[in-house]
Structure formats: C-alpha cells, structure tokens
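Below is my_file_21.cif, which holds mmCIF, C-alpha atoms and all ligand atoms.
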```
data_model
#
loop_
_atom_site.group_PDB
_atom_site.id
_atom_site.type_symbol
_atom_site.label_atom_id
_atom_site.label_comp_id
_atom_site.auth_asym_id
_atom_site.auth_seq_id
_atom_site.Cartn_x
_atom_site.Cartn_y
_atom_site.Cartn_z
ATOM 1 C CA MET A 1 -23.459 -23.454 -11.625
ATOM 2 C CA ILE A 2 -21.031 -21.717 -9.300
ATOM 3 C CA ILE A 3 -19.613 -18.663 -11.051
ATOM 4 C CA SER A 4 -16.621 -16.694 -9.792
ATOM 5 C CA ILE A 5 -16.637 -13.105 -11.054
ATOM 6 C CA GLY A 6 -14.284 -10.145 -10.790
ATOM 7 C CA SER A 7 -13.426 -6.907 -12.531
ATOM 8 C CA ASP A 8 -11.287 -3.827 -12.363
ATOM 9 C CA HIS A 9 -12.593 -0.250 -12.109
ATOM 10 C CA ALA A 10 -13.405 -0.173 -15.841
ATOM 11 C CA GLY A 11 -15.500 -3.316 -15.553
ATOM 12 C CA PHE A 12 -17.033 -2.700 -12.142
ATOM 13 C CA GLU A 13 -20.408 -1.357 -13.302
ATOM 14 C CA GLN A 14 -20.993 -4.230 -15.706
ATOM 15 C CA LYS A 15 -19.769 -6.740 -13.103
ATOM 16 C CA GLU A 16 -22.541 -5.593 -10.793
ATOM 17 C CA LEU A 17 -25.126 -5.924 -13.585
ATOM 18 C CA LEU A 18 -23.839 -9.359 -14.551
ATOM 19 C CA ILE A 19 -24.009 -10.559 -10.934
ATOM 20 C CA GLY A 20 -27.697 -9.599 -10.903
ATOM 21 C CA TYR A 21 -28.215 -11.420 -14.183
ATOM 22 C CA LEU A 22 -26.488 -14.572 -12.876
ATOM 23 C CA LEU A 23 -28.477 -14.583 -9.619
ATOM 24 C CA GLU A 24 -31.741 -14.133 -11.551
ATOM 25 C CA ARG A 25 -30.791 -17.171 -13.626
ATOM 26 C CA GLY A 26 -30.324 -19.245 -10.457
ATOM 27 C CA HIS A 27 -26.536 -19.426 -10.387
ATOM 28 C CA ASP A 28 -24.404 -19.195 -7.252
ATOM 29 C CA VAL A 29 -21.967 -16.284 -7.458
ATOM 30 C CA ILE A 30 -18.585 -15.769 -5.825
ATOM 31 C CA ASP A 31 -17.921 -12.022 -6.106
ATOM 32 C CA ARG A 32 -14.143 -11.537 -5.966
ATOM 33 C CA GLY A 33 -14.451 -7.769 -6.137
ATOM 34 C CA PRO A 34 -13.682 -4.996 -6.276
ATOM 35 C CA GLU A 35 -16.390 -3.449 -4.116
ATOM 36 C CA ASN A 36 -16.396 -0.084 -5.902
ATOM 37 C CA ASP A 37 -14.948 1.587 -8.989
ATOM 38 C CA ASP A 38 -11.798 2.935 -7.347
ATOM 39 C CA ARG A 39 -8.766 2.391 -9.592
ATOM 40 C CA VAL A 40 -7.272 -1.116 -9.180
ATOM 41 C CA ASP A 41 -4.953 -3.463 -11.098
ATOM 42 C CA TYR A 42 -6.803 -6.077 -13.155
ATOM 43 C CA PRO A 43 -4.241 -8.919 -12.674
ATOM 44 C CA ASP A 44 -5.105 -9.050 -8.955
ATOM 45 C CA TYR A 45 -8.737 -9.911 -9.721
ATOM 46 C CA ALA A 46 -7.906 -12.173 -12.666
ATOM 47 C CA ALA A 47 -5.769 -14.236 -10.280
ATOM 48 C CA LEU A 48 -8.558 -14.638 -7.712
ATOM 49 C CA VAL A 49 -11.165 -15.753 -10.250
ATOM 50 C CA ALA A 50 -8.772 -17.983 -12.190
ATOM 51 C CA GLN A 51 -7.700 -19.737 -8.982
ATOM 52 C CA ASP A 52 -11.347 -20.368 -8.044
ATOM 53 C CA VAL A 53 -11.851 -22.144 -11.371
ATOM 54 C CA ALA A 54 -8.514 -23.967 -11.353
ATOM 55 C CA ASN A 55 -9.012 -25.351 -7.830
ATOM 56 C CA GLY A 56 -12.657 -26.287 -8.365
ATOM 57 C CA ALA A 57 -14.269 -23.718 -6.052
ATOM 58 C CA ALA A 58 -16.137 -22.416 -9.118
ATOM 59 C CA ASP A 59 -17.381 -24.112 -12.285
ATOM 60 C CA ARG A 60 -16.678 -21.094 -14.500
ATOM 61 C CA GLY A 61 -15.104 -17.663 -14.239
ATOM 62 C CA VAL A 62 -16.138 -14.243 -15.537
ATOM 63 C CA LEU A 63 -13.817 -11.227 -15.654
ATOM 64 C CA VAL A 64 -14.583 -7.701 -16.832
ATOM 65 C CA CYS A 65 -12.097 -4.904 -17.546
ATOM 66 C CA GLY A 66 -12.055 -2.102 -20.092
ATOM 67 C CA THR A 67 -11.415 -4.373 -23.069
ATOM 68 C CA GLY A 68 -11.242 -7.847 -21.514
ATOM 69 C CA ILE A 69 -7.769 -8.215 -22.997
ATOM 70 C CA GLY A 70 -5.680 -7.689 -19.870
ATOM 71 C CA MET A 71 -7.918 -10.011 -17.871
ATOM 72 C CA ALA A 72 -7.483 -12.785 -20.459
ATOM 73 C CA LEU A 73 -3.709 -12.365 -20.577
ATOM 74 C CA ALA A 74 -3.517 -12.579 -16.783
ATOM 75 C CA ALA A 75 -6.024 -15.412 -16.226
ATOM 76 C CA ASP A 76 -4.410 -17.602 -18.880
ATOM 77 C CA LYS A 77 -1.182 -17.608 -16.833
ATOM 78 C CA VAL A 78 -2.879 -19.747 -14.175
ATOM 79 C CA PRO A 79 -2.462 -23.496 -14.868
ATOM 80 C CA GLY A 80 -5.736 -25.155 -15.822
ATOM 81 C CA ILE A 81 -7.295 -21.985 -17.179
ATOM 82 C CA ARG A 82 -8.563 -21.474 -20.704
ATOM 83 C CA ALA A 83 -9.660 -17.831 -20.687
ATOM 84 C CA ALA A 84 -11.103 -16.223 -23.815
ATOM 85 C CA ASN A 85 -11.745 -12.529 -24.460
ATOM 86 C CA ILE A 86 -15.189 -12.478 -26.058
ATOM 87 C CA ILE A 87 -16.984 -9.507 -27.623
ATOM 88 C CA THR A 88 -19.573 -11.240 -29.833
ATOM 89 C CA PRO A 89 -22.190 -13.947 -29.157
ATOM 90 C CA GLN A 90 -20.816 -16.056 -32.020
ATOM 91 C CA PHE A 91 -17.358 -16.142 -30.456
ATOM 92 C CA ALA A 92 -18.958 -17.069 -27.107
ATOM 93 C CA LEU A 93 -20.426 -20.132 -28.800
ATOM 94 C CA LEU A 94 -17.147 -21.049 -30.461
ATOM 95 C CA CYS A 95 -14.998 -20.583 -27.341
ATOM 96 C CA ARG A 96 -17.132 -23.253 -25.684
ATOM 97 C CA GLU A 97 -17.663 -25.627 -28.644
ATOM 98 C CA HIS A 98 -14.070 -25.552 -29.932
ATOM 99 C CA ASN A 99 -11.891 -24.421 -27.025
ATOM 100 C CA ASP A 100 -13.753 -25.544 -23.888
ATOM 101 C CA ALA A 101 -13.070 -22.120 -22.358
ATOM 102 C CA ASN A 102 -13.610 -22.128 -18.602
ATOM 103 C CA VAL A 103 -13.182 -18.382 -18.087
ATOM 104 C CA ILE A 104 -14.678 -15.605 -20.168
ATOM 105 C CA THR A 105 -13.304 -12.077 -20.193
ATOM 106 C CA LEU A 106 -15.573 -9.213 -21.198
ATOM 107 C CA SER A 107 -15.270 -5.572 -22.174
ATOM 108 C CA GLY A 108 -16.937 -3.115 -19.831
ATOM 109 C CA ARG A 109 -16.146 -0.142 -22.050
ATOM 110 C CA PHE A 110 -16.807 -1.271 -25.622
ATOM 111 C CA VAL A 111 -19.625 -3.834 -25.373
ATOM 112 C CA GLU A 112 -23.149 -3.000 -24.253
ATOM 113 C CA PRO A 113 -24.488 -4.751 -21.123
ATOM 114 C CA ALA A 114 -27.266 -6.478 -23.073
ATOM 115 C CA VAL A 115 -24.698 -8.000 -25.447
ATOM 116 C CA ASN A 116 -22.495 -9.093 -22.551
ATOM 117 C CA CYS A 117 -25.524 -10.776 -20.948
ATOM 118 C CA GLU A 118 -26.180 -12.637 -24.198
ATOM 119 C CA ILE A 119 -22.515 -13.626 -24.415
ATOM 120 C CA LEU A 120 -22.582 -14.833 -20.817
ATOM 121 C CA GLU A 121 -25.728 -16.894 -21.340
ATOM 122 C CA ILE A 122 -24.203 -18.637 -24.368
ATOM 123 C CA PHE A 123 -20.946 -19.208 -22.485
ATOM 124 C CA LEU A 124 -22.795 -20.901 -19.620
ATOM 125 C CA THR A 125 -25.148 -23.051 -21.702
ATOM 126 C CA THR A 126 -22.958 -24.279 -24.569
ATOM 127 C CA GLU A 127 -21.293 -27.673 -24.231
ATOM 128 C CA PHE A 128 -17.775 -28.449 -25.437
ATOM 129 C CA GLY A 129 -17.966 -30.168 -28.819
ATOM 130 C CA GLY A 130 -15.239 -32.755 -28.084
ATOM 131 C CA GLY A 131 -14.316 -34.895 -31.090
ATOM 132 C CA ARG A 132 -11.604 -33.310 -33.208
ATOM 133 C CA HIS A 133 -11.352 -30.428 -30.731
ATOM 134 C CA ALA A 134 -10.502 -32.611 -27.722
ATOM 135 C CA GLY A 135 -6.915 -33.405 -28.696
ATOM 136 C CA ARG A 136 -6.253 -29.749 -29.495
ATOM 137 C CA VAL A 137 -7.479 -28.630 -26.099
ATOM 138 C CA GLU A 138 -5.323 -31.334 -24.494
ATOM 139 C CA LYS A 139 -2.342 -29.888 -26.361
ATOM 140 C CA ILE A 140 -3.174 -26.418 -25.022
ATOM 141 C CA MET A 141 -3.176 -27.784 -21.491
ATOM 142 C CA GLU A 142 0.181 -29.525 -22.015
ATOM 143 C CA LEU A 143 1.635 -26.030 -22.510
ATOM 144 C CA ASP A 144 1.033 -25.384 -18.799
ATOM 145 C CA SER A 145 4.140 -27.435 -18.051
ATOM 146 C CA LEU A 146 6.483 -25.567 -20.444
ATOM 147 C CA VAL A 147 9.048 -23.229 -18.921
HETATM 148 C C1 LIG B 201 -7.710 0.161 -17.395
HETATM 149 O O1 LIG B 201 -7.586 1.484 -17.814
HETATM 150 C C2 LIG B 201 -7.599 -0.784 -18.601
HETATM 151 O O2 LIG B 201 -6.291 -0.824 -19.041
HETATM 152 C C3 LIG B 201 -8.093 -2.167 -18.239
HETATM 153 O O3 LIG B 201 -9.419 -2.074 -17.788
HETATM 154 C C4 LIG B 201 -8.113 -3.194 -19.347
HETATM 155 O O4 LIG B 201 -8.794 -2.715 -20.481
HETATM 156 C C5 LIG B 201 -6.835 -3.815 -19.686
HETATM 157 O O5 LIG B 201 -6.752 -4.708 -20.542
#
```
Will you turn the file into structure tokens for me?
Ligand code: RB5
Amino acid sequence: MIISIGSDHAGFEQKELLIGYLLERGHDVIDRGPENDDRVDYPDYAALVAQDVANGAADRGVLVCGTGIGMALAADKVPGIRAANIITPQFALLCREHNDANVITLSGRFVEPAVNCEILEIFLTTEFGGGRHAGRVEKIMELDSLV
C-alpha cells in the first residue's frame, strides 16, 4: 500500500519509528513531515496527508500528534476523509470493519510505540465489513456536502 504519514512536534519521534515499521512491512511511504521536532501546527500536516488520501495519491493516511485528537478534527474537514483517533487495537479493528476509516490518527505522547505499531498493522490489514455498515458510511460521506 501507499501510506501518507505526517505529524507535529509531539508526534515526530513516533512518526519516524512508524515510517521504519511501514518500510519493513513493504509499504511505500509518503513522508509529509515535519523533518524535525521543532514546534509546528498540526492542521498543516493533517491537511497534506488528508489531501493525499482524498485525491488518491495514497491508499491510507497516518497522523501522529500528542493525543491524535487535533489531527482527527483537522483531517476530517477534508472531503472524502474518514479519520479516526485510535488508542487501542480493538478500536483499530472496529474503525476499519464498521467505519471504513481511511486515515488513522495516533497519540505520540500517551500510547507506547509498540501499541501504535499493533494499531497500525490492524488498520492496514482489516477489511471494511460492508453490509449494514455500508449505508451508514454512505450517510457520513453525504455530510461532506452540508454547509
Ligand atoms: C501540541 O502541544 C498538542 O496540542 C498536539 O500535539 C495535539 O495533541 C493536539 O491535538
């Protein structure tokens, strides 16, 4: 898969680790930055990764900030994006099976790297369940056109 990834300063260290993990697993990675842990604004990086997913340059997106919350709020503003802030492996499974999430946002400050790697693996390998969930996801996407 092609994975677009970005962070802010609080997520930078784990972003670098996760890039290594993704490359080891054979994925192609688009690193949208930042290049170091200097203080930055997370919406700037959420926008870059979300646009990569929305326009098809990447199959999935990964964003890391202190909590993952700000990244999810920002990425979900981009039409076509279903970003979920995930801090447990079980929720990683459910955000794919039930919500067809195409971007995952992670906590660099409150979740250990090994857990984030497990979350990421589940996010990338779990199929959308479809069925009763399909119409609900369609309804989410219809909200993109509301003003
Ligand atoms: C930065 O201090 C912090 O606010 C940011 O990384 C993130 O947690 C926001 O949701």
List every residue of chain A that has an atom at most 9 Å from any atom of ligand LIG 201 (chain B), and for each one report the closest atom pair and its distance in Å to one decimal, counting only C-alpha atoms and all ligand atoms, with rows sorted by chain and then by increasing residue number, as a Markdown table.
```
| residue | atom | partner | partner_atom | distance |
| --- | --- | --- | --- | --- |
| A:Ser7 | CA | B:LIG201 | O3 | 8.2 |
| A:Asp8 | CA | B:LIG201 | O3 | 6.0 |
| A:His9 | CA | B:LIG201 | O3 | 6.8 |
| A:Ala10 | CA | B:LIG201 | O3 | 4.8 |
| A:Gly11 | CA | B:LIG201 | O3 | 6.6 |
| A:Arg39 | CA | B:LIG201 | C1 | 8.2 |
| A:Val40 | CA | B:LIG201 | C1 | 8.3 |
| A:Asp41 | CA | B:LIG201 | C1 | 7.8 |
| A:Tyr42 | CA | B:LIG201 | C3 | 6.5 |
| A:Val64 | CA | B:LIG201 | O3 | 7.7 |
| A:Cys65 | CA | B:LIG201 | O3 | 3.9 |
| A:Gly66 | CA | B:LIG201 | O4 | 3.3 |
| A:Thr67 | CA | B:LIG201 | O4 | 4.0 |
| A:Gly68 | CA | B:LIG201 | O5 | 5.6 |
| A:Ile69 | CA | B:LIG201 | O5 | 4.4 |
| A:Gly70 | CA | B:LIG201 | O5 | 3.2 |
| A:Met71 | CA | B:LIG201 | O5 | 6.1 |
| A:Ala72 | CA | B:LIG201 | O5 | 8.1 |
| A:Leu73 | CA | B:LIG201 | O5 | 8.2 |
| A:Ser107 | CA | B:LIG201 | O4 | 7.3 |
| A:Gly108 | CA | B:LIG201 | O3 | 7.9 |
| A:Arg109 | CA | B:LIG201 | O4 | 7.9 |
```
For the provided coordinates, the residues matched by the PyMOL selection byres (((chain A and resi 31-33) around 7) and not hetatm) should be stated as JSON, numbers by chain.
{"A": [4, 5, 6, 7, 29, 30, 34, 35, 45, 48, 49]}
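Comparing the minimum interatomic distances between Phe128 of chain A and each of A:Glu112, A:Ser145, A:Asn99, A:Leu106, counting all atoms listed in the file, we find that A:Asn99 sits nearest.
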Hey, can you check how far atom CA of Ala92 of chain A sits from atom CA of Phe123 of chain A?
5.5 Å
Hey, what comes out of the PyMOL selection byres (((chain A and resi 130-139) around 9) and not hetatm) on this file? Could you write it as a PyMOL selection string?
chain A and resi 97-100+127-129+140-143
C-alpha atoms of the current selection, written as a short mmCIF file (atom, residue, chain, number, x, y, z; two decimals), in the coordinates of the input:
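After the write, selection-v2.cif holds the following:
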```
data_model
loop_
_atom_site.label_atom_id
_atom_site.label_comp_id
_atom_site.auth_asym_id
_atom_site.auth_seq_id
_atom_site.Cartn_x
_atom_site.Cartn_y
_atom_site.Cartn_z
CA GLU A 97 -17.66 -25.63 -28.64
CA HIS A 98 -14.07 -25.55 -29.93
CA ASN A 99 -11.89 -24.42 -27.02
CA ASP A 100 -13.75 -25.54 -23.89
CA GLU A 127 -21.29 -27.67 -24.23
CA PHE A 128 -17.77 -28.45 -25.44
CA GLY A 129 -17.97 -30.17 -28.82
CA ILE A 140 -3.17 -26.42 -25.02
CA MET A 141 -3.18 -27.78 -21.49
CA GLU A 142 0.18 -29.52 -22.02
CA LEU A 143 1.64 -26.03 -22.51
#
```
The PyMOL selection byres (((chain A and resi 61) around 8) and not hetatm) - which residues does that actually catch in the file I just gave you? List them as a PyMOL selection string.
chain A and resi 3-5+49-50+52-53+58-60+62-63+102-104
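Atom CA of Val115 of chain A is found 26.8 Å from atom CA of Lys77 of chain A.
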Could you please determine the separation between atom CA of Ala57 of chain A and atom CA of Val111 of chain A in Å, to one decimal place?
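For atom CA of Ala57 of chain A relative to atom CA of Val111 of chain A, the distance reads 28.2 Å.
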Counting only C-alpha atoms, which residue out of A:Asp38, A:Asp144, A:Glu16, A:Glu118 sits closest to Ile81 of chain A?
A:Asp144
Segment 33-77 of chain A written out with N, CA and C atoms as a JSON list (two decimals), in the first residue's frame:
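Final file, selection_29.json:
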```json
[["chain", "number", "residue", "atom", "x", "y", "z"],
["A", 33, "GLY", "N", 6.21, 15.09, 6.53],
["A", 33, "GLY", "CA", 6.90, 15.92, 7.50],
["A", 33, "GLY", "C", 6.21, 15.95, 8.86],
["A", 34, "PRO", "N", 6.77, 16.73, 9.76],
["A", 34, "PRO", "CA", 7.92, 17.61, 9.60],
["A", 34, "PRO", "C", 9.23, 16.81, 9.59],
["A", 35, "GLU", "N", 10.32, 17.54, 9.38],
["A", 35, "GLU", "CA", 11.63, 16.88, 9.29],
["A", 35, "GLU", "C", 12.36, 16.83, 10.63],
["A", 36, "ASN", "N", 11.82, 17.53, 11.62],
["A", 36, "ASN", "CA", 12.43, 17.50, 12.96],
["A", 36, "ASN", "C", 11.33, 17.83, 13.98],
["A", 37, "ASP", "N", 11.70, 17.90, 15.25],
["A", 37, "ASP", "CA", 10.67, 18.10, 16.27],
["A", 37, "ASP", "C", 10.54, 19.57, 16.70],
["A", 38, "ASP", "N", 10.90, 20.49, 15.81],
["A", 38, "ASP", "CA", 10.61, 21.90, 16.08],
["A", 38, "ASP", "C", 9.10, 22.09, 16.15],
["A", 39, "ARG", "N", 8.65, 23.04, 16.97],
["A", 39, "ARG", "CA", 7.22, 23.26, 17.17],
["A", 39, "ARG", "C", 6.53, 23.65, 15.86],
["A", 40, "VAL", "N", 5.44, 22.96, 15.54],
["A", 40, "VAL", "CA", 4.67, 23.24, 14.32],
["A", 40, "VAL", "C", 3.18, 23.15, 14.66],
["A", 41, "ASP", "N", 2.34, 23.49, 13.69],
["A", 41, "ASP", "CA", 0.88, 23.43, 13.89],
["A", 41, "ASP", "C", 0.32, 22.18, 13.19],
["A", 42, "TYR", "N", -0.31, 21.31, 13.97],
["A", 42, "TYR", "CA", -0.76, 20.02, 13.42],
["A", 42, "TYR", "C", -1.73, 20.12, 12.24],
["A", 43, "PRO", "N", -2.60, 21.17, 12.15],
["A", 43, "PRO", "CA", -3.51, 21.18, 10.99],
["A", 43, "PRO", "C", -2.78, 21.24, 9.64],
["A", 44, "ASP", "N", -1.60, 21.84, 9.62],
["A", 44, "ASP", "CA", -0.85, 21.93, 8.35],
["A", 44, "ASP", "C", -0.49, 20.54, 7.82],
["A", 45, "TYR", "N", -0.13, 19.64, 8.72],
["A", 45, "TYR", "CA", 0.28, 18.29, 8.31],
["A", 45, "TYR", "C", -0.93, 17.38, 8.10],
["A", 46, "ALA", "N", -1.98, 17.62, 8.88],
["A", 46, "ALA", "CA", -3.23, 16.87, 8.67],
["A", 46, "ALA", "C", -3.75, 17.15, 7.26],
["A", 47, "ALA", "N", -3.66, 18.39, 6.83],
["A", 47, "ALA", "CA", -4.15, 18.77, 5.50],
["A", 47, "ALA", "C", -3.37, 18.05, 4.40],
["A", 48, "LEU", "N", -2.06, 18.00, 4.53],
["A", 48, "LEU", "CA", -1.24, 17.36, 3.49],
["A", 48, "LEU", "C", -1.55, 15.87, 3.36],
["A", 49, "VAL", "N", -1.64, 15.19, 4.49],
["A", 49, "VAL", "CA", -1.90, 13.74, 4.46],
["A", 49, "VAL", "C", -3.34, 13.48, 4.00],
["A", 50, "ALA", "N", -4.28, 14.24, 4.51],
["A", 50, "ALA", "CA", -5.68, 14.02, 4.13],
["A", 50, "ALA", "C", -5.87, 14.25, 2.63],
["A", 51, "GLN", "N", -5.21, 15.24, 2.08],
["A", 51, "GLN", "CA", -5.33, 15.50, 0.64],
["A", 51, "GLN", "C", -4.73, 14.35, -0.17],
["A", 52, "ASP", "N", -3.62, 13.79, 0.30],
["A", 52, "ASP", "CA", -3.03, 12.64, -0.41],
["A", 52, "ASP", "C", -4.03, 11.49, -0.50],
["A", 53, "VAL", "N", -4.77, 11.26, 0.59],
["A", 53, "VAL", "CA", -5.74, 10.16, 0.59],
["A", 53, "VAL", "C", -6.96, 10.53, -0.25],
["A", 54, "ALA", "N", -7.44, 11.75, -0.08],
["A", 54, "ALA", "CA", -8.65, 12.17, -0.80],
["A", 54, "ALA", "C", -8.44, 12.20, -2.30],
["A", 55, "ASN", "N", -7.23, 12.55, -2.76],
["A", 55, "ASN", "CA", -7.01, 12.64, -4.22],
["A", 55, "ASN", "C", -6.41, 11.36, -4.81],
["A", 56, "GLY", "N", -6.22, 10.36, -3.96],
["A", 56, "GLY", "CA", -5.77, 9.06, -4.47],
["A", 56, "GLY", "C", -4.27, 8.87, -4.57],
["A", 57, "ALA", "N", -3.49, 9.87, -4.15],
["A", 57, "ALA", "CA", -2.03, 9.70, -4.16],
["A", 57, "ALA", "C", -1.59, 8.64, -3.16],
["A", 58, "ALA", "N", -2.37, 8.47, -2.09],
["A", 58, "ALA", "CA", -2.09, 7.45, -1.08],
["A", 58, "ALA", "C", -3.34, 6.60, -0.84],
["A", 59, "ASP", "N", -3.11, 5.34, -0.44],
["A", 59, "ASP", "CA", -4.23, 4.46, -0.12],
["A", 59, "ASP", "C", -4.80, 4.76, 1.26],
["A", 60, "ARG", "N", -3.90, 5.07, 2.19],
["A", 60, "ARG", "CA", -4.29, 5.35, 3.58],
["A", 60, "ARG", "C", -3.41, 6.45, 4.13],
["A", 61, "GLY", "N", -3.89, 7.08, 5.21],
["A", 61, "GLY", "CA", -3.12, 8.12, 5.87],
["A", 61, "GLY", "C", -2.90, 7.81, 7.35],
["A", 62, "VAL", "N", -1.77, 8.29, 7.85],
["A", 62, "VAL", "CA", -1.41, 8.12, 9.27],
["A", 62, "VAL", "C", -0.93, 9.46, 9.79],
["A", 63, "LEU", "N", -1.51, 9.90, 10.90],
["A", 63, "LEU", "CA", -1.13, 11.18, 11.50],
["A", 63, "LEU", "C", -0.86, 10.99, 12.98],
["A", 64, "VAL", "N", 0.19, 11.63, 13.48],
["A", 64, "VAL", "CA", 0.56, 11.49, 14.89],
["A", 64, "VAL", "C", 0.74, 12.88, 15.50],
["A", 65, "CYS", "N", 0.00, 13.15, 16.58],
["A", 65, "CYS", "CA", 0.26, 14.36, 17.37],
["A", 65, "CYS", "C", 0.31, 13.93, 18.84],
["A", 66, "GLY", "N", 0.15, 14.87, 19.77],
["A", 66, "GLY", "CA", 0.26, 14.49, 21.16],
["A", 66, "GLY", "C", -0.79, 13.47, 21.56],
["A", 67, "THR", "N", -2.04, 13.78, 21.21],
["A", 67, "THR", "CA", -3.16, 12.89, 21.54],
["A", 67, "THR", "C", -3.73, 12.16, 20.33],
["A", 68, "GLY", "N", -3.57, 12.74, 19.15],
["A", 68, "GLY", "CA", -4.26, 12.27, 17.94],
["A", 68, "GLY", "C", -5.57, 13.00, 17.71],
["A", 69, "ILE", "N", -6.02, 13.73, 18.72],
["A", 69, "ILE", "CA", -7.34, 14.37, 18.63],
["A", 69, "ILE", "C", -7.34, 15.52, 17.63],
["A", 70, "GLY", "N", -6.39, 16.42, 17.74],
["A", 70, "GLY", "CA", -6.35, 17.57, 16.84],
["A", 70, "GLY", "C", -6.19, 17.14, 15.39],
["A", 71, "MET", "N", -5.37, 16.14, 15.17],
["A", 71, "MET", "CA", -5.16, 15.61, 13.81],
["A", 71, "MET", "C", -6.46, 15.07, 13.24],
["A", 72, "ALA", "N", -7.24, 14.36, 14.06],
["A", 72, "ALA", "CA", -8.52, 13.81, 13.56],
["A", 72, "ALA", "C", -9.50, 14.92, 13.24],
["A", 73, "LEU", "N", -9.58, 15.91, 14.12],
["A", 73, "LEU", "CA", -10.51, 17.02, 13.89],
["A", 73, "LEU", "C", -10.17, 17.73, 12.58],
["A", 74, "ALA", "N", -8.88, 17.93, 12.33],
["A", 74, "ALA", "CA", -8.44, 18.64, 11.13],
["A", 74, "ALA", "C", -8.63, 17.78, 9.88],
["A", 75, "ALA", "N", -8.18, 16.53, 9.92],
["A", 75, "ALA", "CA", -8.25, 15.67, 8.73],
["A", 75, "ALA", "C", -9.70, 15.43, 8.30],
["A", 76, "ASP", "N", -10.60, 15.31, 9.27],
["A", 76, "ASP", "CA", -12.00, 15.04, 8.93],
["A", 76, "ASP", "C", -12.69, 16.21, 8.23],
["A", 77, "LYS", "N", -12.05, 17.37, 8.21],
["A", 77, "LYS", "CA", -12.61, 18.52, 7.47],
["A", 77, "LYS", "C", -12.43, 18.37, 5.96]]
```
